[in-house]
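Step one of this worksheet: look at the structure below.
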Amino acid sequence: MQWKDHLQRQTRLPDLFCIAVSGPDDLPVLDDWPLQCDVVFSPKGLPIQRNAGLAHAIDRADIIAFFDDDYVPSRTAVADIVALFHANDDLIAASGHLLLDGIGGAGLSYATALAEVDAYDRCPPPPVWVRAHPGGLYGCNMVYRSRAIGDVRFDEQLPLYGWLEDVDFGCALVGRGLIAYTNAFAGVHQGIKHGRTSGVKLGYSQVANPIYLWRKGTLRRTAMLRFIARHAAKNLARSWFPEPWIDRAGRLKGNVLALRDLLRGRLHPTNILDL
């Protein structure tokens, strides 16, 4: 239970810690826990589970951080987040600096991630910068000011892994304050591959989700086309010599199925539930 170790290492413990699980089998052992842990049960699916945790925490905390279970924060991450938001009244959302990100490769071992974080913690942090970002944040580590969230929720029409749900959520908050990327807090995203959506379903989502968000109004047309073209082209090019950790053939098949449904007028993100 690595994320338990992450919290115990923090120089400042969070005031509230909440985990959203789909059933008792996903519930970790919480013996010798250093702080109260609230457990919320919800149907399976990233947006649904994020909403369950958000509903539980939004009236209990001024700042809400979403960390993936394969995100390894620095020892000062919680303290750094609090200091960042207290120092920037106009800031409503931020993603921190990733020392390493394994999502584009085979994934990083916990030992590698921990070594990188430990090296960072031993050195004085660099001068803090906060750079405005016009839209959504990176879902593995994103922090929001509760008062800015209001009635905005993660879109549950993006089922299972909820590809682009982080972008959609952040874009829905545009105009409410400063959304930014910053080096004020840091960590490593391992990018663990197990437990993610199947290749066919993810490939379908790579086409269906951007179009859905464009029609919804939270994604610009150019961004929608860029998402689809980049991923479809990569799946096609690498399907002949795929990476061992990626089902390129499955993703390409999902791309094709989505384009077929687009032509038939029945394209929708929830169709992956029937694949």
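Residues are named by chain letter and number: chains run A, B, ... in the order of the structure tokens, numbers start at 1 in each chain, and ligands are numbered from 1 in the order shown.
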
Practice task
Within 6 Å of region 143-152 of chain A, counting only C-alpha atoms, which residues show up once you throw out same-chain ones fewer than 3 positions away? Write them as a ChimeraX atom specification, please.
Solution key: /A:58,62-65,92-94

Skip region 216-225 of chain A itself and residues of its chain fewer than 2 positions away, then list as a PDB file with C-alpha atoms, in the first residue's frame all residues within 9 Å of it, counting only C-alpha atoms.
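After the write, part24.pdb holds the following:
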ATOM      1  CA  GLY A 135      -7.805  24.480 -20.039  1.00  0.00           C
ATOM      2  CA  VAL A 167      -9.335  18.107 -19.478  1.00  0.00           C
ATOM      3  CA  ASP A 168     -13.127  18.407 -19.542  1.00  0.00           C
ATOM      4  CA  PHE A 169     -13.367  19.208 -15.832  1.00  0.00           C
ATOM      5  CA  GLY A 170     -10.691  21.896 -15.964  1.00  0.00           C
ATOM      6  CA  CYS A 171     -12.119  23.481 -19.104  1.00  0.00           C
ATOM      7  CA  ALA A 172     -15.512  23.735 -17.414  1.00  0.00           C
ATOM      8  CA  VAL A 207     -12.076   9.181 -31.091  1.00  0.00           C
ATOM      9  CA  ASN A 209     -14.414  11.347 -26.256  1.00  0.00           C
ATOM     10  CA  PRO A 210     -12.810  14.328 -28.062  1.00  0.00           C
ATOM     11  CA  ILE A 211     -15.792  14.605 -30.409  1.00  0.00           C
ATOM     12  CA  TYR A 212     -18.200  14.389 -27.475  1.00  0.00           C
ATOM     13  CA  LEU A 213     -16.342  17.131 -25.586  1.00  0.00           C
ATOM     14  CA  TRP A 214     -16.205  19.316 -28.701  1.00  0.00           C
ATOM     15  CA  PHE A 227      -6.236  14.517 -30.199  1.00  0.00           C
ATOM     16  CA  ILE A 228      -7.832  12.185 -32.737  1.00  0.00           C
ATOM     17  CA  ALA A 229      -5.209  12.593 -35.464  1.00  0.00           C
ATOM     18  CA  ARG A 230      -2.234  12.172 -33.120  1.00  0.00           C
TER      19      ARG A 230
END

Practice task
Just give me the gap between CA of Asp155 (chain A) and CA of Asp90 (chain A) in Å, one decimal is fine.
Solution key: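 Computed distance, CA of Asp155 (chain A) to CA of Asp90 (chain A), equals 25.1 Å.
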
Exercise for the section: With a distance cut-off of 10 Å and only C-alpha atoms, select the neighbouring residues of Val256 (chain A), excluding the residue or stretch itself and same-chain residues fewer than 5 positions from it, and output the selection as a list of chain:residue names. Expected result: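 Returned residues: A:Val200, A:Gly203, A:Tyr204, A:Val207, A:Ala232, A:Gly250, A:Arg251, A:Asp261, A:Leu262.
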